[in-house]
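**Q** Coordinates in coords.txt, compact mmCIF, N, CA and C atoms, are listed below.
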```txt
# COMPACT_ATOMS: atom_id res chain seq x y z
N MET A 828 165.00 109.68 147.89
CA MET A 828 165.38 110.97 147.33
C MET A 828 164.19 111.58 146.58
N ASN A 829 163.93 112.84 146.81
CA ASN A 829 162.83 113.52 146.14
C ASN A 829 163.16 113.75 144.67
N LYS A 830 162.14 113.74 143.85
CA LYS A 830 162.33 114.03 142.43
C LYS A 830 162.71 115.49 142.25
N LEU A 831 163.67 115.74 141.39
CA LEU A 831 164.07 117.11 141.09
C LEU A 831 162.97 117.81 140.30
N GLU A 832 162.87 119.10 140.50
CA GLU A 832 161.88 119.92 139.80
C GLU A 832 162.59 121.07 139.10
N LEU A 833 162.21 121.30 137.86
CA LEU A 833 162.64 122.51 137.14
C LEU A 833 161.37 123.24 136.75
N ARG A 834 161.16 124.39 137.38
CA ARG A 834 159.96 125.19 137.13
C ARG A 834 160.37 126.42 136.34
N LEU A 835 159.71 126.63 135.21
CA LEU A 835 159.93 127.82 134.40
C LEU A 835 158.76 128.76 134.59
N LEU A 836 159.06 130.00 134.97
CA LEU A 836 158.04 131.03 135.09
C LEU A 836 158.20 131.96 133.91
N ARG A 837 157.19 132.02 133.07
CA ARG A 837 157.25 132.88 131.90
C ARG A 837 156.20 133.97 132.01
N GLY A 838 156.49 135.10 131.38
CA GLY A 838 155.54 136.20 131.41
C GLY A 838 156.23 137.49 131.02
N LEU A 839 155.42 138.47 130.70
CA LEU A 839 155.95 139.78 130.32
C LEU A 839 156.59 140.46 131.53
N PRO A 840 157.45 141.45 131.28
CA PRO A 840 157.99 142.22 132.41
C PRO A 840 156.84 142.80 133.24
N GLY A 841 156.97 142.68 134.55
CA GLY A 841 155.92 143.19 135.43
C GLY A 841 154.78 142.21 135.68
N SER A 842 154.92 140.96 135.25
CA SER A 842 153.84 139.99 135.41
C SER A 842 153.91 139.22 136.73
N GLY A 843 154.98 139.43 137.50
CA GLY A 843 155.09 138.79 138.81
C GLY A 843 155.99 137.57 138.87
N LYS A 844 156.80 137.35 137.85
CA LYS A 844 157.68 136.18 137.82
C LYS A 844 158.66 136.16 138.99
N SER A 845 159.40 137.23 139.17
CA SER A 845 160.40 137.29 140.25
C SER A 845 159.73 137.19 141.61
N THR A 846 158.62 137.87 141.77
CA THR A 846 157.90 137.86 143.04
C THR A 846 157.46 136.44 143.39
N LEU A 847 156.89 135.73 142.42
CA LEU A 847 156.47 134.35 142.65
C LEU A 847 157.68 133.46 142.93
N ALA A 848 158.73 133.60 142.13
CA ALA A 848 159.92 132.76 142.29
C ALA A 848 160.48 132.85 143.71
N LYS A 849 160.45 134.04 144.28
CA LYS A 849 161.00 134.24 145.63
C LYS A 849 160.18 133.54 146.70
N THR A 850 158.93 133.19 146.41
CA THR A 850 158.08 132.53 147.40
C THR A 850 158.23 131.01 147.35
N LEU A 851 158.88 130.49 146.33
CA LEU A 851 159.02 129.04 146.16
C LEU A 851 160.27 128.55 146.87
N ASP A 852 160.21 127.36 147.39
CA ASP A 852 161.36 126.78 148.10
C ASP A 852 162.26 126.05 147.09
N LEU A 853 162.71 126.82 146.09
CA LEU A 853 163.57 126.30 145.02
C LEU A 853 164.70 127.30 144.81
N VAL A 854 165.78 126.86 144.19
CA VAL A 854 166.85 127.79 143.83
C VAL A 854 166.32 128.70 142.74
N HIS A 855 166.34 130.00 142.98
CA HIS A 855 165.77 131.00 142.07
C HIS A 855 166.87 131.57 141.19
N ILE A 856 166.68 131.42 139.87
CA ILE A 856 167.65 131.92 138.89
C ILE A 856 166.89 132.67 137.82
N GLU A 857 167.46 133.78 137.38
CA GLU A 857 166.91 134.49 136.22
C GLU A 857 168.04 135.23 135.53
N ALA A 858 167.88 135.43 134.23
CA ALA A 858 168.93 136.09 133.44
C ALA A 858 169.24 137.48 133.99
N ASP A 859 168.25 138.16 134.53
CA ASP A 859 168.48 139.51 135.07
C ASP A 859 169.50 139.52 136.20
N GLN A 860 169.68 138.42 136.91
CA GLN A 860 170.66 138.36 137.99
C GLN A 860 172.08 138.56 137.47
N PHE A 861 172.30 138.21 136.21
CA PHE A 861 173.60 138.39 135.57
C PHE A 861 174.02 139.86 135.57
N PHE A 862 173.04 140.77 135.56
CA PHE A 862 173.30 142.20 135.45
C PHE A 862 173.34 142.92 136.81
N VAL A 863 173.36 142.16 137.89
CA VAL A 863 173.45 142.75 139.23
C VAL A 863 174.91 142.73 139.67
N ASN A 864 175.43 143.91 140.04
CA ASN A 864 176.84 144.00 140.42
C ASN A 864 177.04 143.65 141.90
N ASP A 865 178.28 143.74 142.36
CA ASP A 865 178.62 143.39 143.75
C ASP A 865 177.94 144.29 144.77
N ASP A 866 177.53 145.49 144.36
CA ASP A 866 176.83 146.41 145.25
C ASP A 866 175.31 146.22 145.18
N ASN A 867 174.89 145.11 144.53
CA ASN A 867 173.46 144.78 144.38
C ASN A 867 172.71 145.81 143.55
N GLU A 868 173.39 146.42 142.60
CA GLU A 868 172.78 147.38 141.68
C GLU A 868 172.59 146.71 140.33
N TYR A 869 171.47 147.00 139.67
CA TYR A 869 171.12 146.40 138.39
C TYR A 869 171.57 147.30 137.25
N TYR A 870 172.40 146.75 136.37
CA TYR A 870 172.87 147.47 135.17
C TYR A 870 172.66 146.58 133.96
N PHE A 871 171.61 146.83 133.21
CA PHE A 871 171.33 146.04 132.01
C PHE A 871 172.21 146.50 130.86
N GLU A 872 172.78 145.53 130.15
CA GLU A 872 173.59 145.80 128.97
C GLU A 872 173.12 144.84 127.88
N GLY A 873 172.35 145.37 126.93
CA GLY A 873 171.73 144.54 125.89
C GLY A 873 172.69 143.67 125.12
N SER A 874 173.92 144.14 124.91
CA SER A 874 174.89 143.36 124.15
C SER A 874 175.32 142.09 124.90
N LEU A 875 175.02 142.02 126.19
CA LEU A 875 175.40 140.85 127.00
C LEU A 875 174.23 139.91 127.27
N LEU A 876 173.10 140.16 126.62
CA LEU A 876 171.91 139.35 126.89
C LEU A 876 172.13 137.87 126.60
N SER A 877 172.81 137.56 125.51
CA SER A 877 173.09 136.17 125.18
C SER A 877 173.94 135.52 126.28
N SER A 878 174.94 136.24 126.76
CA SER A 878 175.79 135.74 127.85
C SER A 878 174.97 135.53 129.12
N ALA A 879 174.03 136.43 129.37
CA ALA A 879 173.18 136.32 130.56
C ALA A 879 172.35 135.04 130.49
N HIS A 880 171.83 134.72 129.32
CA HIS A 880 171.01 133.51 129.19
C HIS A 880 171.88 132.25 129.27
N GLN A 881 173.09 132.32 128.74
CA GLN A 881 174.03 131.18 128.88
C GLN A 881 174.35 130.95 130.35
N TRP A 882 174.60 132.04 131.08
CA TRP A 882 174.89 131.96 132.51
C TRP A 882 173.71 131.34 133.25
N CYS A 883 172.52 131.78 132.91
CA CYS A 883 171.29 131.30 133.56
C CYS A 883 171.14 129.79 133.35
N GLN A 884 171.35 129.34 132.14
CA GLN A 884 171.26 127.91 131.84
C GLN A 884 172.33 127.12 132.59
N SER A 885 173.54 127.66 132.65
CA SER A 885 174.64 126.99 133.37
C SER A 885 174.33 126.88 134.86
N GLN A 886 173.79 127.96 135.45
CA GLN A 886 173.43 127.93 136.86
C GLN A 886 172.32 126.91 137.12
N CYS A 887 171.39 126.84 136.22
CA CYS A 887 170.29 125.88 136.33
C CYS A 887 170.86 124.46 136.31
N GLU A 888 171.70 124.18 135.35
CA GLU A 888 172.28 122.84 135.22
C GLU A 888 173.16 122.50 136.43
N PHE A 889 173.95 123.45 136.89
CA PHE A 889 174.82 123.26 138.06
C PHE A 889 174.00 122.83 139.28
N ASN A 890 172.91 123.54 139.52
CA ASN A 890 172.09 123.23 140.69
C ASN A 890 171.37 121.90 140.57
N LEU A 891 170.85 121.58 139.40
CA LEU A 891 170.21 120.28 139.21
C LEU A 891 171.23 119.16 139.37
N TYR A 892 172.42 119.35 138.83
CA TYR A 892 173.50 118.36 138.97
C TYR A 892 173.77 118.07 140.44
N HIS A 893 173.69 119.10 141.27
CA HIS A 893 173.95 118.97 142.70
C HIS A 893 172.68 118.61 143.51
N GLY A 894 171.62 118.23 142.80
CA GLY A 894 170.44 117.72 143.46
C GLY A 894 169.49 118.76 144.02
N ARG A 895 169.62 119.99 143.52
CA ARG A 895 168.75 121.07 144.00
C ARG A 895 167.73 121.43 142.92
N SER A 896 166.46 121.48 143.30
CA SER A 896 165.41 121.89 142.37
C SER A 896 165.51 123.39 142.11
N VAL A 897 165.07 123.81 140.91
CA VAL A 897 165.32 125.17 140.43
C VAL A 897 164.04 125.78 139.87
N VAL A 898 163.92 127.10 140.08
CA VAL A 898 162.90 127.89 139.37
C VAL A 898 163.64 128.94 138.56
N VAL A 899 163.31 129.01 137.26
CA VAL A 899 163.89 130.01 136.37
C VAL A 899 162.79 130.98 135.98
N ALA A 900 163.01 132.27 136.28
CA ALA A 900 162.02 133.31 136.00
C ALA A 900 162.56 134.21 134.89
N ASN A 901 162.18 133.91 133.66
CA ASN A 901 162.56 134.71 132.49
C ASN A 901 161.30 134.95 131.67
N THR A 902 161.36 135.87 130.72
CA THR A 902 160.16 136.16 129.93
C THR A 902 159.72 134.97 129.07
N PHE A 903 160.66 134.27 128.44
CA PHE A 903 160.33 133.12 127.60
C PHE A 903 159.19 133.45 126.64
N VAL A 904 159.32 134.53 125.90
CA VAL A 904 158.27 134.98 124.98
C VAL A 904 158.04 133.95 123.88
N LYS A 905 159.12 133.41 123.34
CA LYS A 905 159.04 132.41 122.27
C LYS A 905 159.23 131.00 122.85
N GLN A 906 158.54 130.03 122.29
CA GLN A 906 158.64 128.65 122.77
C GLN A 906 160.08 128.13 122.72
N TRP A 907 160.81 128.48 121.65
CA TRP A 907 162.18 127.95 121.50
C TRP A 907 163.10 128.41 122.63
N GLU A 908 162.74 129.51 123.30
CA GLU A 908 163.59 130.02 124.38
C GLU A 908 163.60 129.08 125.58
N MET A 909 162.66 128.15 125.63
CA MET A 909 162.62 127.16 126.71
C MET A 909 163.27 125.84 126.33
N ASP A 910 163.68 125.70 125.06
CA ASP A 910 164.21 124.42 124.59
C ASP A 910 165.42 123.94 125.39
N ALA A 911 166.36 124.83 125.68
CA ALA A 911 167.55 124.43 126.44
C ALA A 911 167.15 123.89 127.82
N TYR A 912 166.15 124.51 128.43
CA TYR A 912 165.69 124.07 129.75
C TYR A 912 164.94 122.75 129.66
N ARG A 913 164.22 122.53 128.57
CA ARG A 913 163.55 121.24 128.37
C ARG A 913 164.61 120.14 128.31
N LYS A 914 165.70 120.38 127.60
CA LYS A 914 166.79 119.40 127.49
C LYS A 914 167.47 119.18 128.83
N ILE A 915 167.70 120.26 129.57
CA ILE A 915 168.34 120.15 130.89
C ILE A 915 167.45 119.32 131.83
N ALA A 916 166.15 119.59 131.82
CA ALA A 916 165.23 118.83 132.67
C ALA A 916 165.29 117.35 132.32
N GLN A 917 165.29 117.06 131.04
CA GLN A 917 165.35 115.67 130.59
C GLN A 917 166.67 115.02 131.02
N GLN A 918 167.76 115.76 130.86
CA GLN A 918 169.09 115.24 131.19
C GLN A 918 169.18 114.85 132.67
N TYR A 919 168.55 115.62 133.55
CA TYR A 919 168.62 115.37 134.98
C TYR A 919 167.36 114.71 135.53
N ASN A 920 166.51 114.23 134.62
CA ASN A 920 165.28 113.54 135.00
C ASN A 920 164.46 114.39 135.98
N ALA A 921 164.44 115.69 135.74
CA ALA A 921 163.69 116.61 136.59
C ALA A 921 162.28 116.80 136.03
N GLU A 922 161.33 116.94 136.91
CA GLU A 922 159.97 117.25 136.49
C GLU A 922 159.95 118.68 135.98
N LEU A 923 159.49 118.88 134.76
CA LEU A 923 159.43 120.21 134.16
C LEU A 923 158.02 120.76 134.33
N ILE A 924 157.94 121.92 134.97
CA ILE A 924 156.66 122.61 135.17
C ILE A 924 156.80 124.00 134.57
N ILE A 925 155.88 124.37 133.70
CA ILE A 925 155.91 125.69 133.07
C ILE A 925 154.66 126.45 133.48
N ASP A 926 154.88 127.59 134.14
CA ASP A 926 153.78 128.44 134.58
C ASP A 926 153.86 129.78 133.86
N ILE A 927 152.71 130.34 133.56
CA ILE A 927 152.66 131.68 132.95
C ILE A 927 152.15 132.66 134.00
N CYS A 928 152.92 133.72 134.21
CA CYS A 928 152.51 134.78 135.14
C CYS A 928 151.81 135.87 134.34
N ARG A 929 150.67 136.32 134.86
CA ARG A 929 149.87 137.30 134.12
C ARG A 929 149.53 138.53 134.96
N GLY A 930 150.29 138.78 136.03
CA GLY A 930 150.04 139.94 136.88
C GLY A 930 150.26 141.24 136.13
N LYS A 931 149.80 142.32 136.70
CA LYS A 931 149.95 143.65 136.09
C LYS A 931 150.65 144.57 137.08
N PHE A 932 151.96 144.41 137.17
CA PHE A 932 152.76 145.22 138.09
C PHE A 932 153.70 146.10 137.29
N LYS A 933 154.37 146.99 137.96
CA LYS A 933 155.39 147.80 137.30
C LYS A 933 156.64 146.95 137.15
N SER A 934 157.27 147.01 136.00
CA SER A 934 158.50 146.26 135.76
C SER A 934 159.58 146.75 136.72
N ILE A 935 160.16 145.83 137.50
CA ILE A 935 161.21 146.22 138.45
C ILE A 935 162.52 146.56 137.74
N HIS A 936 162.61 146.21 136.47
CA HIS A 936 163.83 146.50 135.71
C HIS A 936 163.64 147.64 134.71
N ASN A 937 162.56 148.39 134.89
CA ASN A 937 162.28 149.56 134.05
C ASN A 937 162.34 149.27 132.55
N VAL A 938 161.71 148.17 132.15
CA VAL A 938 161.64 147.83 130.73
C VAL A 938 160.70 148.84 130.07
N PRO A 939 161.15 149.48 128.99
CA PRO A 939 160.30 150.48 128.32
C PRO A 939 158.98 149.89 127.83
N GLU A 940 157.92 150.69 127.88
CA GLU A 940 156.59 150.23 127.49
C GLU A 940 156.55 149.72 126.05
N ASN A 941 157.30 150.37 125.13
CA ASN A 941 157.30 149.91 123.74
C ASN A 941 157.91 148.51 123.60
N VAL A 942 158.88 148.19 124.45
CA VAL A 942 159.48 146.85 124.43
C VAL A 942 158.47 145.82 124.94
N ILE A 943 157.77 146.17 126.01
CA ILE A 943 156.76 145.27 126.56
C ILE A 943 155.65 145.03 125.53
N LYS A 944 155.23 146.08 124.83
CA LYS A 944 154.19 145.92 123.79
C LYS A 944 154.66 144.99 122.68
N ARG A 945 155.92 145.13 122.28
CA ARG A 945 156.47 144.25 121.23
C ARG A 945 156.50 142.80 121.73
N MET A 946 156.92 142.60 122.97
CA MET A 946 156.95 141.25 123.54
C MET A 946 155.54 140.65 123.57
N LYS A 947 154.57 141.45 123.94
CA LYS A 947 153.19 141.00 124.00
C LYS A 947 152.70 140.55 122.63
N LYS A 948 153.07 141.32 121.60
CA LYS A 948 152.68 141.00 120.22
C LYS A 948 153.36 139.71 119.75
N ASP A 949 154.60 139.48 120.20
CA ASP A 949 155.38 138.32 119.77
C ASP A 949 155.13 137.07 120.61
N TRP A 950 154.30 137.17 121.64
CA TRP A 950 154.09 136.08 122.59
C TRP A 950 153.59 134.82 121.89
N GLU A 951 154.22 133.70 122.21
CA GLU A 951 153.79 132.39 121.69
C GLU A 951 153.21 131.57 122.83
N VAL A 952 152.02 131.03 122.61
CA VAL A 952 151.34 130.22 123.63
C VAL A 952 152.03 128.88 123.81
```
What does this structure look like when you write it as structure tokens?
**A**
Amino acid sequence: MNKLELRLLRGLPGSGKSTLAKTLDLVHIEADQFFVNDDNEYYFEGSLLSSAHQWCQSQCEFNLYHGRSVVVANTFVKQWEMDAYRKIAQQYNAELIIDICRGKFKSIHNVPENVIKRMKKDWEV
């Protein structure tokens, strides 16, 4: 049996996280998927962000439990935002790989420039 992998892609909006995740042969999960409706339209609702991250973690754990390696593409601006995933990786004995995306693309979710600047200022190495 192959070792499970949990890959975290972190980076600012527009850095290429989703694009990279789609090229990997892993189950691709990101909190933004929580905001996609049945018609495949994206509707962000800030008050549901915590629920979106809970959903993302649950999907990650579900897939690892079922023996599928996962890539999670979220901003992960602060180190603590990866703590739940570090615990999940440990729980399922999955290899944890953390990559930082640094591309300069347009945000596919239309994140306002002032929000991206704040995230950049708050970024933790």
**Q** Please determine, counting only N, CA and C atoms, which residue among A:Trp950, A:Pro939, A:Leu853, A:Val898 has the shortest atom-to-atom distance to Leu835 (chain A).
**A**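 Once distances to Leu835 (chain A) are computed over only N, CA and C atoms, the minimum belongs to A:Val898.
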**Q** Enumerate as a VMD selection string all residues of chain A assigned to strand (DSSP E or B) by DSSP on the backbone, naming them with the chain letters and numbers the document uses.
**A** chain A and resid 832 to 837 854 to 856 863 869 897 to 900 922 to 927
**Q** Let me see the file: selected residues, N, CA and C atoms, as a PDB file, keeping the file's coordinate frame.
**A**
```pdb
ATOM      1  N   GLU A 832     162.870 119.100 140.500  1.00  0.00           N
ATOM      2  CA  GLU A 832     161.880 119.920 139.800  1.00  0.00           C
ATOM      3  C   GLU A 832     162.590 121.070 139.100  1.00  0.00           C
ATOM      4  N   LEU A 833     162.210 121.300 137.860  1.00  0.00           N
ATOM      5  CA  LEU A 833     162.640 122.510 137.140  1.00  0.00           C
ATOM      6  C   LEU A 833     161.370 123.240 136.750  1.00  0.00           C
ATOM      7  N   ARG A 834     161.160 124.390 137.380  1.00  0.00           N
ATOM      8  CA  ARG A 834     159.960 125.190 137.130  1.00  0.00           C
ATOM      9  C   ARG A 834     160.370 126.420 136.340  1.00  0.00           C
ATOM     10  N   LEU A 835     159.710 126.630 135.210  1.00  0.00           N
ATOM     11  CA  LEU A 835     159.930 127.820 134.400  1.00  0.00           C
ATOM     12  C   LEU A 835     158.760 128.760 134.590  1.00  0.00           C
ATOM     13  N   LEU A 836     159.060 130.000 134.970  1.00  0.00           N
ATOM     14  CA  LEU A 836     158.040 131.030 135.090  1.00  0.00           C
ATOM     15  C   LEU A 836     158.200 131.960 133.910  1.00  0.00           C
ATOM     16  N   ARG A 837     157.190 132.020 133.070  1.00  0.00           N
ATOM     17  CA  ARG A 837     157.250 132.880 131.900  1.00  0.00           C
ATOM     18  C   ARG A 837     156.200 133.970 132.010  1.00  0.00           C
ATOM     19  N   VAL A 854     165.780 126.860 144.190  1.00  0.00           N
ATOM     20  CA  VAL A 854     166.850 127.790 143.830  1.00  0.00           C
ATOM     21  C   VAL A 854     166.320 128.700 142.740  1.00  0.00           C
ATOM     22  N   HIS A 855     166.340 130.000 142.980  1.00  0.00           N
ATOM     23  CA  HIS A 855     165.770 131.000 142.070  1.00  0.00           C
ATOM     24  C   HIS A 855     166.870 131.570 141.190  1.00  0.00           C
ATOM     25  N   ILE A 856     166.680 131.420 139.870  1.00  0.00           N
ATOM     26  CA  ILE A 856     167.650 131.920 138.890  1.00  0.00           C
ATOM     27  C   ILE A 856     166.890 132.670 137.820  1.00  0.00           C
ATOM     28  N   VAL A 863     173.360 142.160 137.890  1.00  0.00           N
ATOM     29  CA  VAL A 863     173.450 142.750 139.230  1.00  0.00           C
ATOM     30  C   VAL A 863     174.910 142.730 139.670  1.00  0.00           C
ATOM     31  N   TYR A 869     171.470 147.000 139.670  1.00  0.00           N
ATOM     32  CA  TYR A 869     171.120 146.400 138.390  1.00  0.00           C
ATOM     33  C   TYR A 869     171.570 147.300 137.250  1.00  0.00           C
ATOM     34  N   VAL A 897     165.070 123.810 140.910  1.00  0.00           N
ATOM     35  CA  VAL A 897     165.320 125.170 140.430  1.00  0.00           C
ATOM     36  C   VAL A 897     164.040 125.780 139.870  1.00  0.00           C
ATOM     37  N   VAL A 898     163.920 127.100 140.080  1.00  0.00           N
ATOM     38  CA  VAL A 898     162.900 127.890 139.370  1.00  0.00           C
ATOM     39  C   VAL A 898     163.640 128.940 138.560  1.00  0.00           C
ATOM     40  N   VAL A 899     163.310 129.010 137.260  1.00  0.00           N
ATOM     41  CA  VAL A 899     163.890 130.010 136.370  1.00  0.00           C
ATOM     42  C   VAL A 899     162.790 130.980 135.980  1.00  0.00           C
ATOM     43  N   ALA A 900     163.010 132.270 136.280  1.00  0.00           N
ATOM     44  CA  ALA A 900     162.020 133.310 136.000  1.00  0.00           C
ATOM     45  C   ALA A 900     162.560 134.210 134.890  1.00  0.00           C
ATOM     46  N   GLU A 922     161.330 116.940 136.910  1.00  0.00           N
ATOM     47  CA  GLU A 922     159.970 117.250 136.490  1.00  0.00           C
ATOM     48  C   GLU A 922     159.950 118.680 135.980  1.00  0.00           C
ATOM     49  N   LEU A 923     159.490 118.880 134.760  1.00  0.00           N
ATOM     50  CA  LEU A 923     159.430 120.210 134.160  1.00  0.00           C
ATOM     51  C   LEU A 923     158.020 120.760 134.330  1.00  0.00           C
ATOM     52  N   ILE A 924     157.940 121.920 134.970  1.00  0.00           N
ATOM     53  CA  ILE A 924     156.660 122.610 135.170  1.00  0.00           C
ATOM     54  C   ILE A 924     156.800 124.000 134.570  1.00  0.00           C
ATOM     55  N   ILE A 925     155.880 124.370 133.700  1.00  0.00           N
ATOM     56  CA  ILE A 925     155.910 125.690 133.070  1.00  0.00           C
ATOM     57  C   ILE A 925     154.660 126.450 133.480  1.00  0.00           C
ATOM     58  N   ASP A 926     154.880 127.590 134.140  1.00  0.00           N
ATOM     59  CA  ASP A 926     153.780 128.440 134.580  1.00  0.00           C
ATOM     60  C   ASP A 926     153.860 129.780 133.860  1.00  0.00           C
ATOM     61  N   ILE A 927     152.710 130.340 133.560  1.00  0.00           N
ATOM     62  CA  ILE A 927     152.660 131.680 132.950  1.00  0.00           C
ATOM     63  C   ILE A 927     152.150 132.660 134.000  1.00  0.00           C
TER      64      ILE A 927
END
```
**Q** I'd like the interatomic distance between CA of Arg913 (chain A) and atom C of Ser934 (chain A), to a tenth of an Å.
**A**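 Those two atoms sit 27.1 Å apart.
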**Q** To one decimal place in Å, what is the distance between atom C of Ser896 (chain A) and atom C of Glu868 (chain A)?
**A** 24.4 Å
**Q** Neighbourhood query: residues within 10 Å of (161.8, 135.4, 135.3), file coordinates, counting only C-alpha atoms; return as a VMD selection string.
**A** chain A and resid 835 to 848 855 to 860 898 to 903 928
**Q** Generate the coordinates of all heavy atoms for region 900-908 of chain A; report them as an mmCIF file, in the frame of the given file.
**A**
```
data_model
loop_
_atom_site.group_PDB
_atom_site.id
_atom_site.type_symbol
_atom_site.label_atom_id
_atom_site.label_comp_id
_atom_site.auth_asym_id
_atom_site.auth_seq_id
_atom_site.Cartn_x
_atom_site.Cartn_y
_atom_site.Cartn_z
ATOM 1 N N ALA A 900 163.010 132.270 136.280
ATOM 2 C CA ALA A 900 162.020 133.310 136.000
ATOM 3 C C ALA A 900 162.560 134.210 134.890
ATOM 4 O O ALA A 900 163.323 135.131 135.144
ATOM 5 C CB ALA A 900 161.731 134.120 137.265
ATOM 6 N N ASN A 901 162.180 133.910 133.660
ATOM 7 C CA ASN A 901 162.560 134.710 132.490
ATOM 8 C C ASN A 901 161.300 134.950 131.670
ATOM 9 O O ASN A 901 160.284 134.279 131.860
ATOM 10 C CB ASN A 901 163.606 133.989 131.635
ATOM 11 C CG ASN A 901 164.987 133.996 132.261
ATOM 12 O OD1 ASN A 901 165.329 134.874 133.050
ATOM 13 N ND2 ASN A 901 165.789 133.001 131.920
ATOM 14 N N THR A 902 161.360 135.870 130.720
ATOM 15 C CA THR A 902 160.160 136.160 129.930
ATOM 16 C C THR A 902 159.720 134.970 129.070
ATOM 17 O O THR A 902 158.532 134.709 128.961
ATOM 18 C CB THR A 902 160.356 137.405 129.042
ATOM 19 O OG1 THR A 902 161.503 137.211 128.219
ATOM 20 C CG2 THR A 902 160.490 138.657 129.895
ATOM 21 N N PHE A 903 160.660 134.270 128.440
ATOM 22 C CA PHE A 903 160.330 133.120 127.600
ATOM 23 C C PHE A 903 159.190 133.450 126.640
ATOM 24 O O PHE A 903 158.186 132.727 126.560
ATOM 25 C CB PHE A 903 159.972 131.880 128.434
ATOM 26 C CG PHE A 903 161.082 131.335 129.288
ATOM 27 C CD1 PHE A 903 160.947 131.292 130.678
ATOM 28 C CD2 PHE A 903 162.248 130.862 128.725
ATOM 29 C CE1 PHE A 903 161.947 130.770 131.478
ATOM 30 C CE2 PHE A 903 163.275 130.347 129.518
ATOM 31 C CZ PHE A 903 163.114 130.302 130.899
ATOM 32 N N VAL A 904 159.320 134.530 125.900
ATOM 33 C CA VAL A 904 158.270 134.980 124.980
ATOM 34 C C VAL A 904 158.040 133.950 123.880
ATOM 35 O O VAL A 904 156.902 133.634 123.533
ATOM 36 C CB VAL A 904 158.644 136.361 124.365
ATOM 37 C CG1 VAL A 904 157.689 136.743 123.245
ATOM 38 C CG2 VAL A 904 158.649 137.435 125.451
ATOM 39 N N LYS A 905 159.120 133.410 123.340
ATOM 40 C CA LYS A 905 159.040 132.410 122.270
ATOM 41 C C LYS A 905 159.230 131.000 122.850
ATOM 42 O O LYS A 905 160.016 130.812 123.780
ATOM 43 C CB LYS A 905 160.130 132.655 121.220
ATOM 44 C CG LYS A 905 160.097 134.044 120.600
ATOM 45 C CD LYS A 905 159.050 134.115 119.541
ATOM 46 C CE LYS A 905 159.188 135.400 118.738
ATOM 47 N NZ LYS A 905 158.176 135.488 117.727
ATOM 48 N N GLN A 906 158.540 130.030 122.290
ATOM 49 C CA GLN A 906 158.640 128.650 122.770
ATOM 50 C C GLN A 906 160.080 128.130 122.720
ATOM 51 O O GLN A 906 160.523 127.438 123.628
ATOM 52 C CB GLN A 906 157.717 127.737 121.959
ATOM 53 C CG GLN A 906 156.258 127.843 122.349
ATOM 54 C CD GLN A 906 155.987 127.262 123.722
ATOM 55 O OE1 GLN A 906 156.586 126.290 124.163
ATOM 56 N NE2 GLN A 906 155.047 127.884 124.425
ATOM 57 N N TRP A 907 160.810 128.480 121.650
ATOM 58 C CA TRP A 907 162.180 127.950 121.500
ATOM 59 C C TRP A 907 163.100 128.410 122.630
ATOM 60 O O TRP A 907 164.108 127.769 122.919
ATOM 61 C CB TRP A 907 162.777 128.311 120.141
ATOM 62 C CG TRP A 907 163.075 129.772 119.954
ATOM 63 C CD1 TRP A 907 162.292 130.692 119.317
ATOM 64 C CD2 TRP A 907 164.232 130.503 120.403
ATOM 65 N NE1 TRP A 907 162.883 131.934 119.359
ATOM 66 C CE2 TRP A 907 164.076 131.849 120.014
ATOM 67 C CE3 TRP A 907 165.387 130.146 121.094
ATOM 68 C CZ2 TRP A 907 165.027 132.834 120.298
ATOM 69 C CZ3 TRP A 907 166.332 131.125 121.371
ATOM 70 C CH2 TRP A 907 166.139 132.454 120.975
ATOM 71 N N GLU A 908 162.740 129.510 123.300
ATOM 72 C CA GLU A 908 163.590 130.020 124.380
ATOM 73 C C GLU A 908 163.600 129.080 125.580
ATOM 74 O O GLU A 908 164.471 129.185 126.446
ATOM 75 C CB GLU A 908 163.121 131.425 124.794
ATOM 76 C CG GLU A 908 163.317 132.440 123.690
ATOM 77 C CD GLU A 908 162.690 133.796 123.963
ATOM 78 O OE1 GLU A 908 161.644 133.855 124.655
ATOM 79 O OE2 GLU A 908 163.249 134.791 123.482
#
```
